[in-house]
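This report concerns only the one structure given below.
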Amino acid sequence: MQILKGYVFRLYPNKEQAELINKTIGCCRFIYNYFLDDKIKEYKETGKSKSAYDQIKLIPSLSKEKPWLKEVDSCALRNSIFNLEDAYKRFYDGSGYPKFKAKSVHESYKTNNIKNSYKGNNYNSIKLDLKNKTITLPKLKEVKIRGYRNRKVMLGEIKSAVVKKDAGKYYVSVLIEEELIRPSFVPTSIIGIDLGIKDLIVTSYNEKIENTIKLNTKRMVGLQKGLSRCKKGSKNRYKMRLKIQRLYQKIRNARKHMIHDITNKLINENDIIVTESLDVKSMQKNHYVAKGLNENPISEIIRVLKYKANWNNKKLIQIDRYYPSSQICNVCDYQNKKVKDLKLRNWECPNCHTKHNRDYNAAVNIMFKGLEKYMKGIEQCI
Ligand SMILES: [Zn+2]
């Protein structure tokens, strides 16, 4: 099976390279806006507008008028037109009308790996050298990178790269097509996980994984206040915005690491992982949106678990979210409706008198329900 995997490296361009990256981003923004304007005008006059391919054909003549376009990666310019086409597709699918792009703190451009062969030698426009810690990109040539310390080589074919500028730092995300060899599936272990808010995860082995992301809300509010005090267009305002962006970037990165650590541990240690399918929307409303972070780590954990299970030939089983996993005693199956009350963290089964912790008991029930679902699946196959 072929899969596409993205690898993100920190990019350390020298002064000239940084200037060229900024210029390329600027030119891509120009092309996007220029052809958006072209589409709007043409549509008003004729009721039709050019396709992306027809627009791409116009780049050479436009470059004669504006020679600075020739200084940058032409593949990135073409991709800018495809981005515009995607924005139109989203518009036809019900999103808002494409907007003109303004300069922003996080911007990027995409370039594709173009292969050539000359006199029996193969050339690639994008090359990764993990030994010497460099990436070769069109027009930029060799740029220093950092990341994936333990990898000496990337197996697979580079498809494209996205050069990003985020809060004053540079990154490159390389998309590689890899051959995935999956071991055959012979499960010997199963885990049930109860997803929550305070403890992100409680497992059927009674392990608790806390949400380690501490939001420094005071600092966020302080910085926002500081920003509103700065004059519009002033240098201080720009600096303040950069500070805010960096803080959010830090939180995003910490969150990403936490999610990868949790999911790697779950996938490495278990063959079958059982979770509830959650009504994430209602959970978001309660907690995260209120804290100004509109992404819920739980939905992200499930998304990552899904693809990692697929890559590693493990199974992720999701059970019906209406199954009353918290209320059922995992020893005698008695259903205690009093446990509906979310404040009841510990309870004793009125039937068999086992003492339960709410989340651990739920995780065990989720595990059994998943096992039942898995066994039924096997029966159906036989
Ligand atoms: Zn019981």
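Quick note on naming: the chains in the structure tokens go A, B, ... in the order shown, residues restart at 1 in each chain, and ligands are numbered from 1 in order of appearance.
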Please report as a Markdown table every residue of chain A lying within 8 Å of ligand 1, along with the nearest atom pair and their distance in Å (one decimal), using only C-alpha atoms and all ligand atoms.
```
| residue | atom | partner | partner_atom_place_in_ligand_line | distance |
| --- | --- | --- | --- | --- |
| A:Ile328 | CA | ligand 1 | 1 (Zn) | 7.9 |
| A:Cys329 | CA | ligand 1 | 1 (Zn) | 4.6 |
| A:Asn330 | CA | ligand 1 | 1 (Zn) | 6.7 |
| A:Val331 | CA | ligand 1 | 1 (Zn) | 5.1 |
| A:Cys332 | CA | ligand 1 | 1 (Zn) | 4.1 |
| A:Asp333 | CA | ligand 1 | 1 (Zn) | 6.1 |
| A:Tyr334 | CA | ligand 1 | 1 (Zn) | 5.4 |
| A:Glu348 | CA | ligand 1 | 1 (Zn) | 8.0 |
| A:Cys349 | CA | ligand 1 | 1 (Zn) | 4.6 |
| A:Pro350 | CA | ligand 1 | 1 (Zn) | 6.8 |
| A:Asn351 | CA | ligand 1 | 1 (Zn) | 5.1 |
| A:Cys352 | CA | ligand 1 | 1 (Zn) | 4.1 |
| A:His353 | CA | ligand 1 | 1 (Zn) | 6.0 |
| A:Thr354 | CA | ligand 1 | 1 (Zn) | 5.7 |
```
For Leu200 in chain A, find every residue with an atom within 8 Å (counting only C-alpha atoms), except residues of its own chain fewer than 6 positions away, and show them as a PDB file with C-alpha atoms, in the first residue's frame.
```
ATOM      1  CA  LYS A 208      -4.838   8.160  33.740  1.00  0.00           C
ATOM      2  CA  ILE A 209      -3.483  10.533  31.136  1.00  0.00           C
ATOM      3  CA  GLU A 210      -3.902  14.171  32.034  1.00  0.00           C
ATOM      4  CA  ASN A 211      -4.247  17.068  29.671  1.00  0.00           C
ATOM      5  CA  ILE A 298     -10.146  14.599  21.958  1.00  0.00           C
TER       6      ILE A 298
END
```
Using only C-alpha atoms, I'd like a table of the residues in range 169-238 of chain A that come within 10 Å of range 302-318 of chain A; for each, show the closest atom pair and its distance in Å rounded to one decimal, ordered by chain and ascending number, as a tab-separated table.
```
residue	atom	partner	partner_atom	distance
A:Leu180	CA	A:Trp311	CA	7.2
A:Ile181	CA	A:Trp311	CA	8.6
A:Arg182	CA	A:Asn313	CA	5.9
A:Pro183	CA	A:Asn313	CA	6.6
A:Ser184	CA	A:Asn313	CA	7.2
A:Phe185	CA	A:Asn313	CA	6.3
A:Val186	CA	A:Lys314	CA	9.1
A:Pro187	CA	A:Lys314	CA	8.0
A:Ile190	CA	A:Lys315	CA	9.3
A:Ile191	CA	A:Leu316	CA	9.9
A:Gly192	CA	A:Ile317	CA	9.4
A:Leu195	CA	A:Ile302	CA	9.8
```
In range 118-205 of chain A, DSSP strand (DSSP E) residues written as a PyMOL selection string: chain A and resi 118+121-124+127-129+134-137+141-146+157-166+169-179+190-195+199-203
Non-local contacts of Lys214 in chain A (10 Å; only C-alpha atoms; under 6 positions in same chain excluded) as a list in words: Ile251, Ala254 and Arg255 of chain A
Prev. selection, N, CA and C atoms, output as an mmCIF file, in the first residue's frame:
```
data_model
loop_
_atom_site.group_PDB
_atom_site.id
_atom_site.type_symbol
_atom_site.label_atom_id
_atom_site.label_comp_id
_atom_site.auth_asym_id
_atom_site.auth_seq_id
_atom_site.Cartn_x
_atom_site.Cartn_y
_atom_site.Cartn_z
ATOM 1 N N ILE A 251 1.605 26.952 22.105
ATOM 2 C CA ILE A 251 0.512 26.102 22.581
ATOM 3 C C ILE A 251 0.201 25.032 21.540
ATOM 4 N N ALA A 254 2.940 22.357 21.591
ATOM 5 C CA ALA A 254 2.874 21.524 22.791
ATOM 6 C C ALA A 254 1.728 20.523 22.660
ATOM 7 N N ARG A 255 0.624 21.005 22.102
ATOM 8 C CA ARG A 255 -0.565 20.186 21.921
ATOM 9 C C ARG A 255 -0.282 19.048 20.941
#
```
